$ cat protein.cif   # mmCIF, C-alpha atoms and all ligand atoms
data_model
#
loop_
_atom_site.group_PDB
_atom_site.id
_atom_site.type_symbol
_atom_site.label_atom_id
_atom_site.label_comp_id
_atom_site.auth_asym_id
_atom_site.auth_seq_id
_atom_site.Cartn_x
_atom_site.Cartn_y
_atom_site.Cartn_z
ATOM 1 C CA MET A 19 0.000 0.000 0.000
ATOM 2 C CA LEU A 20 1.346 3.329 -0.983
ATOM 3 C CA PHE A 21 0.964 6.078 1.559
ATOM 4 C CA ILE A 22 0.870 9.216 -0.464
ATOM 5 C CA PHE A 23 0.855 11.356 2.668
ATOM 6 C CA GLY A 24 1.360 10.899 6.383
ATOM 7 C CA VAL A 25 3.845 11.339 9.176
ATOM 8 C CA ARG A 26 7.373 10.036 8.993
ATOM 9 C CA SER A 27 10.236 10.431 11.406
ATOM 10 C CA THR A 28 14.003 10.492 11.430
ATOM 11 C CA VAL A 29 16.416 9.802 14.257
ATOM 12 C CA THR A 30 18.086 13.017 15.277
ATOM 13 C CA GLY A 31 20.319 11.531 17.969
ATOM 14 C CA SER A 32 20.881 8.554 20.264
ATOM 15 C CA THR A 33 23.110 7.806 23.226
ATOM 16 C CA VAL A 34 23.655 5.279 25.999
ATOM 17 C CA LEU A 35 22.730 6.757 29.356
ATOM 18 C CA GLU A 36 25.917 6.343 31.410
ATOM 19 C CA GLN A 37 25.670 5.326 35.046
ATOM 20 C CA CYS A 38 21.920 4.770 34.903
ATOM 21 C CA LEU A 39 20.182 1.618 36.125
ATOM 22 C CA CYS A 40 17.304 0.078 34.230
ATOM 23 C CA PRO A 41 14.269 0.339 36.579
ATOM 24 C CA ASN A 42 13.070 -3.018 35.259
ATOM 25 C CA CYS A 43 16.116 -5.303 35.307
ATOM 26 C CA GLY A 44 18.533 -3.216 37.357
ATOM 27 C CA GLN A 45 21.321 -3.438 34.775
ATOM 28 C CA GLU A 46 23.643 -0.452 34.462
ATOM 29 C CA ASN A 47 24.590 1.296 31.235
ATOM 30 C CA THR A 48 21.979 -0.606 29.246
ATOM 31 C CA LEU A 49 19.532 2.242 28.646
ATOM 32 C CA THR A 50 19.717 3.807 25.221
ATOM 33 C CA THR A 51 17.777 6.954 24.448
ATOM 34 C CA VAL A 52 16.738 7.727 20.883
ATOM 35 C CA PHE A 53 15.379 11.093 19.791
ATOM 36 C CA THR A 54 13.266 11.308 16.657
ATOM 37 C CA ALA A 55 11.806 14.267 14.815
ATOM 38 C CA ASN A 56 8.533 13.760 12.965
ATOM 39 C CA TYR A 57 7.371 15.488 9.842
ATOM 40 C CA PHE A 58 4.385 15.442 7.551
ATOM 41 C CA HIS A 59 5.174 14.176 4.078
ATOM 42 C CA PHE A 60 3.375 14.194 0.793
ATOM 43 C CA PHE A 61 4.677 11.651 -1.714
ATOM 44 C CA PHE A 62 7.656 11.300 0.634
ATOM 45 C CA VAL A 63 8.465 14.985 0.305
ATOM 46 C CA PRO A 64 8.741 16.448 3.820
ATOM 47 C CA PHE A 65 6.402 19.403 4.178
ATOM 48 C CA PHE A 66 6.361 20.542 7.775
ATOM 49 C CA PRO A 67 7.490 19.306 11.219
ATOM 50 C CA THR A 68 4.850 17.674 13.377
ATOM 51 C CA GLY A 69 6.735 17.054 16.644
ATOM 52 C CA LYS A 70 9.514 15.208 18.371
ATOM 53 C CA SER A 71 9.619 12.034 20.420
ATOM 54 C CA CYS A 72 12.049 10.271 22.674
ATOM 55 C CA VAL A 73 12.193 6.539 23.461
ATOM 56 C CA ILE A 74 14.439 4.908 26.063
ATOM 57 C CA THR A 75 15.097 1.202 25.600
ATOM 58 C CA CYS A 76 16.966 -1.229 27.756
ATOM 59 C CA SER A 77 19.299 -3.345 25.637
ATOM 60 C CA TYR A 78 19.233 -6.100 28.242
ATOM 61 C CA CYS A 79 15.535 -6.646 29.037
ATOM 62 C CA ARG A 80 14.202 -4.798 25.905
ATOM 63 C CA LYS A 81 11.805 -2.736 28.033
ATOM 64 C CA GLN A 82 10.900 0.620 26.584
ATOM 65 C CA TYR A 83 10.234 3.738 28.615
ATOM 66 C CA ASP A 84 8.396 6.921 27.819
ATOM 67 C CA ASP A 85 10.536 9.972 28.563
ATOM 68 C CA LYS A 86 7.693 11.529 30.607
ATOM 69 C CA TYR A 87 7.709 8.947 33.407
ATOM 70 C CA LEU A 88 11.320 8.345 34.289
ATOM 71 C CA PRO A 89 13.045 8.167 37.688
ATOM 72 C CA PRO A 90 14.935 11.413 38.339
ATOM 73 C CA PRO A 91 18.507 10.232 37.546
ATOM 74 C CA ILE A 92 17.435 8.838 34.163
ATOM 75 C CA GLY A 93 15.177 11.834 33.456
ATOM 76 C CA GLU A 94 18.041 14.255 34.166
ATOM 77 C CA ALA A 95 20.432 12.276 31.965
ATOM 78 C CA VAL A 96 17.885 12.308 29.135
ATOM 79 C CA GLU A 97 17.328 16.054 29.611
ATOM 80 C CA ARG A 98 21.098 16.735 29.472
ATOM 81 C CA PHE A 99 21.301 14.814 26.219
ATOM 82 C CA ARG A 100 18.231 16.619 24.866
ATOM 83 C CA LEU A 101 19.898 19.997 25.481
ATOM 84 C CA SER A 102 23.047 18.886 23.688
ATOM 85 C CA GLN A 103 20.974 17.920 20.651
ATOM 86 C CA LYS A 104 21.045 19.874 17.462
ATOM 87 C CA LYS A 105 17.808 21.236 16.056
ATOM 88 C CA ARG A 106 15.822 19.113 13.656
ATOM 89 C CA PRO A 107 17.142 18.907 10.069
ATOM 90 C CA ALA A 108 16.106 21.827 7.879
ATOM 91 C CA TRP A 109 14.902 19.500 5.125
ATOM 92 C CA HIS A 110 11.911 18.525 7.282
ATOM 93 C CA CYS A 111 10.106 21.562 5.891
ATOM 94 C CA CYS A 112 11.645 21.638 2.411
ATOM 95 C CA GLY A 113 8.186 21.064 0.839
ATOM 96 C CA CYS A 114 6.841 24.147 2.581
ATOM 97 C CA SER A 115 9.919 26.125 1.655
ATOM 98 C CA PHE A 116 9.527 25.018 -1.940
ATOM 99 C CA LEU A 117 5.882 26.125 -1.946
ATOM 100 C CA LEU A 118 6.876 29.432 -0.357
ATOM 101 C CA ILE A 119 9.538 29.959 -3.027
ATOM 102 C CA LEU A 120 7.017 29.101 -5.741
ATOM 103 C CA PHE A 121 4.546 31.547 -4.225
ATOM 104 C CA PHE A 122 7.227 34.227 -4.006
ATOM 105 C CA VAL A 123 8.281 33.677 -7.632
ATOM 106 C CA TRP A 124 4.634 33.794 -8.714
ATOM 107 C CA LEU A 125 4.155 37.029 -6.745
ATOM 108 C CA VAL A 126 7.240 38.629 -8.305
ATOM 109 C CA MET A 127 6.107 37.571 -11.786
ATOM 110 C CA LEU A 128 2.637 38.944 -11.088
ATOM 111 C CA ILE A 129 4.052 42.292 -9.948
ATOM 112 C CA PHE A 130 6.368 42.444 -12.956
ATOM 113 C CA SER A 131 3.554 41.590 -15.338
ATOM 114 C CA ILE A 132 1.420 44.360 -13.838
ATOM 115 C CA ILE A 133 4.259 46.888 -14.039
ATOM 116 C CA PHE A 134 5.222 45.930 -17.576
ATOM 117 C CA HIS A 135 1.635 45.774 -18.707
ATOM 118 C CA THR A 136 0.868 49.273 -17.467
ATOM 119 C CA SER A 137 4.126 50.725 -18.770
ATOM 120 C CA GLU A 138 3.947 48.840 -22.029
ATOM 121 C CA PRO A 139 4.379 51.422 -24.767
ATOM 122 C CA GLU A 140 1.163 51.908 -26.643
ATOM 123 C CA ARG A 141 1.086 50.934 -30.241
ATOM 124 C CA PRO A 142 2.446 53.896 -32.161
ATOM 125 C CA ASN A 143 -0.250 55.783 -33.988
ATOM 126 C CA PRO A 144 1.225 57.377 -37.109
ATOM 127 C CA LEU A 145 -1.718 59.786 -37.282
ATOM 128 C CA GLU A 146 -1.022 60.954 -33.764
ATOM 129 C CA ASP A 147 2.636 61.433 -34.639
ATOM 130 C CA LYS A 148 1.655 63.621 -37.567
ATOM 131 C CA TYR A 149 -0.656 65.631 -35.345
ATOM 132 C CA LYS A 150 2.019 66.068 -32.668
ATOM 133 C CA SER A 151 4.490 67.114 -35.325
ATOM 134 C CA ASP A 152 2.104 69.801 -36.569
ATOM 135 C CA PHE A 153 1.271 70.812 -33.013
ATOM 136 C CA GLU A 154 4.966 71.535 -32.481
ATOM 137 C CA LYS A 155 4.778 74.038 -35.314
ATOM 138 C CA LEU A 156 2.315 76.325 -33.524
ATOM 139 C CA THR A 157 3.730 79.807 -33.523
ATOM 140 C CA THR A 158 2.746 83.261 -32.277
ATOM 141 C CA SER A 159 3.901 84.817 -35.531
ATOM 142 C CA PRO A 160 2.822 82.692 -38.512
ATOM 143 C CA ASP A 161 4.701 83.348 -41.725
ATOM 144 C CA CYS A 162 2.291 85.101 -44.099
ATOM 145 C CA LYS A 163 4.043 83.535 -47.100
ATOM 146 C CA THR A 164 4.019 79.904 -45.998
ATOM 147 C CA ASP A 165 0.944 79.876 -43.766
ATOM 148 C CA THR A 166 -1.468 82.432 -45.165
ATOM 149 C CA ILE A 167 -4.488 80.966 -43.368
ATOM 150 C CA SER A 168 -2.902 81.346 -39.928
ATOM 151 C CA CYS A 169 -1.738 84.796 -40.925
ATOM 152 C CA ALA A 170 -5.269 85.801 -41.937
ATOM 153 C CA ILE A 171 -6.835 84.343 -38.790
ATOM 154 C CA LYS A 172 -4.314 86.169 -36.638
ATOM 155 C CA SER A 173 -4.982 89.483 -38.390
ATOM 156 C CA TYR A 174 -8.686 89.007 -37.892
ATOM 157 C CA LEU A 175 -8.542 87.901 -34.249
ATOM 158 C CA ASP A 176 -6.159 90.726 -33.407
ATOM 159 C CA VAL A 177 -9.046 93.017 -34.260
ATOM 160 C CA VAL A 178 -12.069 91.184 -32.942
ATOM 161 C CA VAL A 179 -10.727 89.642 -29.728
ATOM 162 C CA THR A 180 -11.041 91.789 -26.637
ATOM 163 C CA GLU A 181 -7.904 93.526 -25.378
ATOM 164 C CA GLU A 182 -8.180 91.675 -22.068
ATOM 165 C CA MET A 183 -6.735 88.663 -23.844
ATOM 166 C CA ASP A 184 -3.036 88.451 -24.562
ATOM 167 C CA ARG A 185 -3.544 88.221 -28.319
ATOM 168 C CA ASP A 186 0.195 88.284 -29.021
ATOM 169 C CA ALA A 187 0.485 85.000 -27.148
ATOM 170 C CA PHE A 188 -2.014 83.225 -29.414
ATOM 171 C CA GLU A 189 -0.347 80.483 -31.416
ATOM 172 C CA TYR A 190 -1.376 79.381 -34.889
ATOM 173 C CA PHE A 191 -0.784 76.667 -37.421
ATOM 174 C CA SER A 192 -2.697 75.561 -40.466
ATOM 175 C CA ARG A 193 -2.392 72.942 -43.172
ATOM 176 C CA VAL A 194 -4.347 72.177 -46.314
ATOM 177 C CA ASP A 195 -4.381 68.665 -47.731
ATOM 178 C CA GLY A 196 -6.580 68.157 -50.781
ATOM 179 C CA ASP A 197 -10.093 69.040 -49.692
ATOM 180 C CA LYS A 198 -9.186 69.046 -46.016
ATOM 181 C CA VAL A 199 -8.190 72.081 -43.992
ATOM 182 C CA LEU A 200 -6.630 71.939 -40.551
ATOM 183 C CA VAL A 201 -6.378 74.919 -38.218
ATOM 184 C CA LEU A 202 -4.695 74.581 -34.841
ATOM 185 C CA MET A 203 -4.593 77.294 -32.223
ATOM 186 C CA LYS A 204 -3.251 77.637 -28.745
ATOM 187 C CA VAL A 205 -4.730 80.155 -26.327
ATOM 188 C CA THR A 206 -3.102 79.923 -22.906
ATOM 189 C CA ASP A 207 -5.278 82.537 -21.202
ATOM 190 C CA MET A 208 -8.477 80.814 -22.265
ATOM 191 C CA LYS A 209 -9.700 81.191 -18.668
ATOM 192 C CA LYS A 210 -10.450 84.825 -19.441
ATOM 193 C CA ILE A 211 -13.215 83.719 -21.772
ATOM 194 C CA GLU A 212 -16.326 82.261 -20.218
ATOM 195 C CA SER A 213 -16.499 78.586 -21.153
ATOM 196 C CA GLY A 214 -19.948 79.103 -22.726
ATOM 197 C CA VAL A 215 -18.622 81.492 -25.354
ATOM 198 C CA ARG A 216 -15.249 79.865 -26.031
ATOM 199 C CA LYS A 217 -16.815 78.087 -28.983
ATOM 200 C CA ASP A 218 -17.105 81.515 -30.668
ATOM 201 C CA LEU A 219 -13.405 81.212 -31.402
ATOM 202 C CA VAL A 220 -14.107 78.165 -33.568
ATOM 203 C CA ASN A 221 -16.972 80.003 -35.222
ATOM 204 C CA GLU A 222 -14.716 82.962 -36.010
ATOM 205 C CA ILE A 223 -12.097 80.705 -37.549
ATOM 206 C CA GLY A 224 -14.798 78.969 -39.603
ATOM 207 C CA TYR A 225 -16.087 82.372 -40.673
ATOM 208 C CA ILE A 226 -12.674 83.387 -42.035
ATOM 209 C CA LEU A 227 -12.146 80.097 -43.807
ATOM 210 C CA ARG A 228 -15.492 80.443 -45.558
ATOM 211 C CA ASN A 229 -15.460 84.146 -46.342
ATOM 212 C CA LYS A 230 -11.825 84.806 -47.064
ATOM 213 C CA TYR A 231 -10.851 81.468 -48.582
ATOM 214 C CA GLY A 232 -14.188 80.242 -49.896
ATOM 215 C CA PHE A 233 -13.848 76.908 -48.083
ATOM 216 C CA ASP A 234 -17.464 75.797 -48.334
ATOM 217 C CA ASP A 235 -17.192 72.194 -49.446
ATOM 218 C CA GLU A 236 -13.870 71.521 -47.807
ATOM 219 C CA LYS A 237 -13.653 69.415 -44.684
ATOM 220 C CA ILE A 238 -12.644 71.742 -41.884
ATOM 221 C CA TYR A 239 -10.723 70.536 -38.836
ATOM 222 C CA ILE A 240 -10.250 73.045 -36.036
ATOM 223 C CA GLY A 241 -8.537 72.357 -32.730
ATOM 224 C CA VAL A 242 -7.952 74.861 -29.968
ATOM 225 C CA GLU A 243 -5.527 74.104 -27.174
ATOM 226 C CA GLY A 244 -5.876 75.793 -23.794
ATOM 227 C CA LYS A 245 -3.147 76.074 -21.222
ATOM 228 C CA TRP A 246 -3.166 72.408 -20.269
ATOM 229 C CA ASN A 247 -5.262 70.504 -22.781
ATOM 230 C CA THR A 248 -7.354 70.653 -25.900
ATOM 231 C CA VAL A 249 -10.520 72.612 -25.161
ATOM 232 C CA LEU A 250 -12.309 72.887 -28.487
ATOM 233 C CA ILE A 251 -12.624 70.494 -31.391
ATOM 234 C CA SER A 252 -14.562 70.849 -34.592
ATOM 235 C CA THR A 253 -14.316 68.296 -37.385
ATOM 236 C CA PRO A 254 -16.778 67.342 -40.123
ATOM 237 C CA ASP A 255 -17.968 64.416 -38.003
ATOM 238 C CA HIS A 256 -17.467 65.608 -34.470
ATOM 239 C CA LYS A 257 -17.732 68.732 -32.383
ATOM 240 C CA GLU A 258 -16.703 69.311 -28.804
ATOM 241 C CA LEU A 259 -17.391 72.953 -28.075
ATOM 242 C CA GLY A 260 -18.039 72.905 -24.314
ATOM 243 C CA GLY A 261 -14.852 74.892 -23.929
ATOM 244 C CA ASN A 262 -13.270 72.887 -21.101
ATOM 245 C CA PHE A 263 -12.092 69.615 -22.478
ATOM 246 C CA ALA A 264 -12.034 68.132 -25.938
ATOM 247 C CA ASN A 265 -10.507 64.963 -27.329
ATOM 248 C CA GLU A 266 -7.773 65.882 -29.782
ATOM 249 C CA GLU A 267 -7.905 62.395 -31.288
ATOM 250 C CA TYR A 268 -10.782 63.474 -33.513
ATOM 251 C CA LEU A 269 -8.303 65.742 -35.284
ATOM 252 C CA TYR A 270 -6.225 62.721 -36.313
ATOM 253 C CA ASP A 271 -8.864 62.050 -38.965
ATOM 254 C CA PHE A 272 -7.382 64.956 -40.880
ATOM 255 C CA TYR A 273 -4.253 62.862 -41.518
ATOM 256 C CA GLU A 274 -6.182 59.759 -42.540
ATOM 257 C CA GLN A 275 -5.400 58.931 -46.151
ATOM 258 C CA LYS A 276 -8.110 57.870 -48.550
ATOM 259 C CA ILE A 277 -8.199 54.208 -49.491
ATOM 260 C CA GLY A 278 -5.668 53.624 -52.233
ATOM 261 C CA LYS A 279 -6.609 52.428 -55.691
ATOM 262 C CA ASN A 280 -5.118 48.957 -55.134
ATOM 263 C CA GLU A 281 -7.037 48.415 -51.905
ATOM 264 C CA ALA A 282 -10.256 49.368 -53.670
ATOM 265 C CA ILE A 283 -9.609 46.714 -56.319
ATOM 266 C CA ILE A 284 -9.051 44.088 -53.638
ATOM 267 C CA ASP A 285 -12.350 45.048 -52.010
ATOM 268 C CA THR A 286 -14.236 44.659 -55.282
ATOM 269 C CA ALA A 287 -12.631 41.264 -55.888
ATOM 270 C CA ASN A 288 -13.776 40.095 -52.453
ATOM 271 C CA ILE A 289 -17.335 41.216 -53.057
ATOM 272 C CA LYS A 290 -17.460 39.316 -56.346
ATOM 273 C CA ALA A 291 -16.143 36.182 -54.699
ATOM 274 C CA ILE A 292 -18.936 36.323 -52.149
ATOM 275 C CA GLU A 293 -21.554 36.780 -54.852
ATOM 276 C CA ILE A 294 -20.373 33.660 -56.730
ATOM 277 C CA LYS A 295 -20.997 31.560 -53.617
HETATM 278 ZN ZN ZN B 1 16.428 -3.586 31.621
#
$ encode --input "protein.cif" --output "structure tokens"
Amino acid sequence: MLFIFGVRSTVTGSTVLEQCLCPNCGQENTLTTVFTANYFHFFFVPFFPTGKSCVITCSYCRKQYDDKYLPPPIGEAVERFRLSQKKRPAWHCCGCSFLLILFFVWLVMLIFSIIFHTSEPERPNPLEDKYKSDFEKLTTSPDCKTDTISCAIKSYLDVVVTEEMDRDAFEYFSRVDGDKVLVLMKVTDMKKIESGVRKDLVNEIGYILRNKYGFDDEKIYIGVEGKWNTVLISTPDHKELGGNFANEEYLYDFYEQKIGKNEAIIDTANIKAIEIK
């Protein structure tokens, strides 16, 4: 029968008790004391200690004695030997130690996975990169030769915006791509405008684009940055004009390229294949 778990023991020390008489047969120097340490095992792997025991046996009459009920001279001799004993072997709890190590390793891996997961760099978004690159180009003094739209908007806002605002600190950038127009602005003292009327800034920009440039059918993308974050967004598909927080990601659509000719052909081929089925 295979005991897959249970208690096993090992002898940790034994000695002959010198100058002690066996209470049963009266022989001297025949009592041998044996200390054992017990442990719980699982598939013979020691897991944890379960206790110690001590047995005194007479080699002459074979009588065994429990260490709890011994005449004083024998009891003292046993106690002296017990004190000289080493502690139980460390391997008696190697199973537990192994489990603890496993748990510790698991914990470390868990912590690492959490740290690396949260700090894992997000998949690069080329559209975002393009936006950031353009955002870097915001300037308080747009070049009227290379960026006429920004130049025109600045000239206009310099007149219509109240003097309370630091108009010279306004930053501008614009880009035209096919039928799409992008206007970015940064207004750091946006707080001076009530949030309810901040959207007027977008309206004013739209007004210039329509009236001065005739952009009626073009897709207009306008983003206004405040001191800390984007506060206004207006795209053909999305508007966030609350004036406090807007998601700049809607502006990335400006950089989205139309589906190429080749991709369109592939799409058509797929549709035909489905129809044949
Ligand atoms: Zn005896």
$ atom_distance --input "protein.cif" --atom1 "CA of Val194 (chain A)" --atom2 "CA of Pro142 (chain A)"
24.1 Å
$ residues_around --input "protein.cif" --residues "Glu258 (chain A)" --least-positions-apart "2" --cutoff "12 Å" --atoms "all atoms listed in the file" --output "VMD selection string"
chain A and resid 214 216 to 217 220 239 to 242 248 to 256 260 to 269
$ write_last_selection --input "protein.cif" --atoms "C-alpha atoms" --output "JSON list (two decimals), in the coordinates of the input"
[["chain", "number", "residue", "atom", "x", "y", "z"],
["A", 214, "GLY", "CA", -19.95, 79.10, -22.73],
["A", 216, "ARG", "CA", -15.25, 79.86, -26.03],
["A", 217, "LYS", "CA", -16.82, 78.09, -28.98],
["A", 220, "VAL", "CA", -14.11, 78.17, -33.57],
["A", 239, "TYR", "CA", -10.72, 70.54, -38.84],
["A", 240, "ILE", "CA", -10.25, 73.04, -36.04],
["A", 241, "GLY", "CA", -8.54, 72.36, -32.73],
["A", 242, "VAL", "CA", -7.95, 74.86, -29.97],
["A", 248, "THR", "CA", -7.35, 70.65, -25.90],
["A", 249, "VAL", "CA", -10.52, 72.61, -25.16],
["A", 250, "LEU", "CA", -12.31, 72.89, -28.49],
["A", 251, "ILE", "CA", -12.62, 70.49, -31.39],
["A", 252, "SER", "CA", -14.56, 70.85, -34.59],
["A", 253, "THR", "CA", -14.32, 68.30, -37.38],
["A", 254, "PRO", "CA", -16.78, 67.34, -40.12],
["A", 255, "ASP", "CA", -17.97, 64.42, -38.00],
["A", 256, "HIS", "CA", -17.47, 65.61, -34.47],
["A", 260, "GLY", "CA", -18.04, 72.90, -24.31],
["A", 261, "GLY", "CA", -14.85, 74.89, -23.93],
["A", 262, "ASN", "CA", -13.27, 72.89, -21.10],
["A", 263, "PHE", "CA", -12.09, 69.61, -22.48],
["A", 264, "ALA", "CA", -12.03, 68.13, -25.94],
["A", 265, "ASN", "CA", -10.51, 64.96, -27.33],
["A", 266, "GLU", "CA", -7.77, 65.88, -29.78],
["A", 267, "GLU", "CA", -7.90, 62.40, -31.29],
["A", 268, "TYR", "CA", -10.78, 63.47, -33.51],
["A", 269, "LEU", "CA", -8.30, 65.74, -35.28]]
$ resolve_selection --input "protein.cif" --expression "the PyMOL selection byres (((not hetatm)) within 8 of (chain B and resi 1))" --output "PDB file with C-alpha atoms, in the coordinates of the input"
ATOM      1  CA  LEU A  39      20.182   1.618  36.125  1.00  0.00           C
ATOM      2  CA  CYS A  40      17.304   0.078  34.230  1.00  0.00           C
ATOM      3  CA  PRO A  41      14.269   0.339  36.579  1.00  0.00           C
ATOM      4  CA  ASN A  42      13.070  -3.018  35.259  1.00  0.00           C
ATOM      5  CA  CYS A  43      16.116  -5.303  35.307  1.00  0.00           C
ATOM      6  CA  GLY A  44      18.533  -3.216  37.357  1.00  0.00           C
ATOM      7  CA  GLN A  45      21.321  -3.438  34.775  1.00  0.00           C
ATOM      8  CA  THR A  48      21.979  -0.606  29.246  1.00  0.00           C
ATOM      9  CA  LEU A  49      19.532   2.242  28.646  1.00  0.00           C
ATOM     10  CA  THR A  75      15.097   1.202  25.600  1.00  0.00           C
ATOM     11  CA  CYS A  76      16.966  -1.229  27.756  1.00  0.00           C
ATOM     12  CA  SER A  77      19.299  -3.345  25.637  1.00  0.00           C
ATOM     13  CA  TYR A  78      19.233  -6.100  28.242  1.00  0.00           C
ATOM     14  CA  CYS A  79      15.535  -6.646  29.037  1.00  0.00           C
ATOM     15  CA  ARG A  80      14.202  -4.798  25.905  1.00  0.00           C
ATOM     16  CA  LYS A  81      11.805  -2.736  28.033  1.00  0.00           C
TER      17      LYS A  81
END
$ residues_near_point --input "protein.cif" --point "(19.3, 6.6, 34.4)" --cutoff "6 Å" --atoms "only C-alpha atoms" --output "count of residues only"
4
$ atom_distance --input "protein.cif" --atom1 "CA of Phe60 (chain A)" --atom2 "CA of Arg100 (chain A)"
28.4 Å
$ resolve_selection --input "protein.cif" --expression "the PyMOL selection byres (((chain A and resi 187-189) around 6) and not hetatm)" --output "short mmCIF file (atom, residue, chain, number, x, y, z; two decimals) with C-alpha atoms, in the frame of the given file"
data_model
loop_
_atom_site.label_atom_id
_atom_site.label_comp_id
_atom_site.auth_asym_id
_atom_site.auth_seq_id
_atom_site.Cartn_x
_atom_site.Cartn_y
_atom_site.Cartn_z
CA LEU A 156 2.32 76.32 -33.52
CA THR A 157 3.73 79.81 -33.52
CA THR A 158 2.75 83.26 -32.28
CA ASP A 184 -3.04 88.45 -24.56
CA ARG A 185 -3.54 88.22 -28.32
CA ASP A 186 0.20 88.28 -29.02
CA TYR A 190 -1.38 79.38 -34.89
CA MET A 203 -4.59 77.29 -32.22
CA LYS A 204 -3.25 77.64 -28.74
CA VAL A 205 -4.73 80.16 -26.33
#
$ resolve_selection --input "protein.cif" --expression "the PyMOL selection byres (((chain A and resi 182) around 12) and not hetatm)" --output "ChimeraX atom specification"
/A:176,178-181,183-186,207-211
$ closest_residue --input "protein.cif" --among "A:Glu146, A:Glu212, A:Asp152, A:Asp84" --to "Tyr270 (chain A)" --atoms "all atoms listed in the file"
A:Glu146
$ residues_around --input "protein.cif" --residues "region 26-30 of chain A" --least-positions-apart "2" --cutoff "6 Å" --atoms "only C-alpha atoms" --output "PyMOL selection string"
chain A and resi 53-57
$ atom_distance --input "protein.cif" --atom1 "CA of Ile129 (chain A)" --atom2 "CA of Leu117 (chain A)"
18.1 Å
$ closest_residue --input "protein.cif" --among "A:Val96, A:Cys72, A:Leu125, A:Val25" --to "His110 (chain A)" --atoms "all atoms listed in the file"
A:Val25
$ closest_atom_pairs --input "protein.cif" --of "region 190-274 of chain A" --to "region 162-174 of chain A" --cutoff "7 Å" --atoms "all atoms listed in the file" --output "Markdown table"
| residue | atom | partner | partner_atom | distance |
| --- | --- | --- | --- | --- |
| A:Tyr190 | CA | A:Ser168 | CA | 5.6 |
| A:Phe191 | CA | A:Ser168 | CA | 5.7 |
| A:Ser192 | CA | A:Ser168 | CA | 5.8 |
| A:Ile223 | CA | A:Ile171 | CA | 6.5 |
| A:Ile226 | CA | A:Ile171 | CA | 6.7 |
$ axis_aligned_box --input "protein.cif" --around "region 158-172 of chain A" --padding-each-side "3 Å" --output "lines of an AutoDock Vina configuration file"
center_x = -1.1
center_y = 83.0
center_z = -39.7
size_x = 17.5
size_y = 12.3
size_z = 20.8
$ closest_residue --input "protein.cif" --among "A:Leu219, A:Ile119, A:Leu259, A:Val199" --to "Glu236 (chain A)" --atoms "only C-alpha atoms"
A:Val199
$ closest_residue --input "protein.cif" --among "A:Lys237, A:Lys148, A:Asn221, A:Trp246" --to "Tyr273 (chain A)" --atoms "only C-alpha atoms"
A:Lys148
$ closest_residue --input "protein.cif" --among "A:Cys111, A:Asn247, A:Pro90, A:Gln82" --to "Phe62 (chain A)" --atoms "only C-alpha atoms"
A:Cys111
$ build_atoms --input "protein.cif" --residues "region 111-119 of chain A" --atoms "N, CA, C and O atoms" --output "mmCIF file, keeping the file's coordinate frame"
data_model
loop_
_atom_site.group_PDB
_atom_site.id
_atom_site.type_symbol
_atom_site.label_atom_id
_atom_site.label_comp_id
_atom_site.auth_asym_id
_atom_site.auth_seq_id
_atom_site.Cartn_x
_atom_site.Cartn_y
_atom_site.Cartn_z
ATOM 1 N N CYS A 111 11.151 20.669 6.422
ATOM 2 C CA CYS A 111 10.106 21.562 5.891
ATOM 3 C C CYS A 111 10.468 22.043 4.489
ATOM 4 O O CYS A 111 10.074 23.132 4.079
ATOM 5 N N CYS A 112 11.233 21.196 3.750
ATOM 6 C CA CYS A 112 11.645 21.638 2.411
ATOM 7 C C CYS A 112 10.445 21.781 1.469
ATOM 8 O O CYS A 112 10.440 22.629 0.587
ATOM 9 N N GLY A 113 9.387 20.939 1.687
ATOM 10 C CA GLY A 113 8.186 21.064 0.839
ATOM 11 C C GLY A 113 7.539 22.426 1.010
ATOM 12 O O GLY A 113 7.185 23.093 0.049
ATOM 13 N N CYS A 114 7.430 22.834 2.289
ATOM 14 C CA CYS A 114 6.841 24.147 2.581
ATOM 15 C C CYS A 114 7.699 25.255 2.000
ATOM 16 O O CYS A 114 7.183 26.209 1.406
ATOM 17 N N SER A 115 9.009 25.102 2.180
ATOM 18 C CA SER A 115 9.919 26.125 1.655
ATOM 19 C C SER A 115 9.774 26.219 0.141
ATOM 20 O O SER A 115 9.740 27.312 -0.427
ATOM 21 N N PHE A 116 9.670 25.038 -0.482
ATOM 22 C CA PHE A 116 9.527 25.018 -1.940
ATOM 23 C C PHE A 116 8.253 25.744 -2.366
ATOM 24 O O PHE A 116 8.252 26.555 -3.287
ATOM 25 N N LEU A 117 7.148 25.456 -1.633
ATOM 26 C CA LEU A 117 5.882 26.125 -1.946
ATOM 27 C C LEU A 117 6.000 27.637 -1.734
ATOM 28 O O LEU A 117 5.496 28.434 -2.527
ATOM 29 N N LEU A 118 6.694 28.012 -0.642
ATOM 30 C CA LEU A 118 6.876 29.432 -0.357
ATOM 31 C C LEU A 118 7.667 30.104 -1.473
ATOM 32 O O LEU A 118 7.339 31.202 -1.922
ATOM 33 N N ILE A 119 8.720 29.405 -1.943
ATOM 34 C CA ILE A 119 9.538 29.959 -3.027
ATOM 35 C C ILE A 119 8.687 30.101 -4.287
ATOM 36 O O ILE A 119 8.711 31.131 -4.958
#
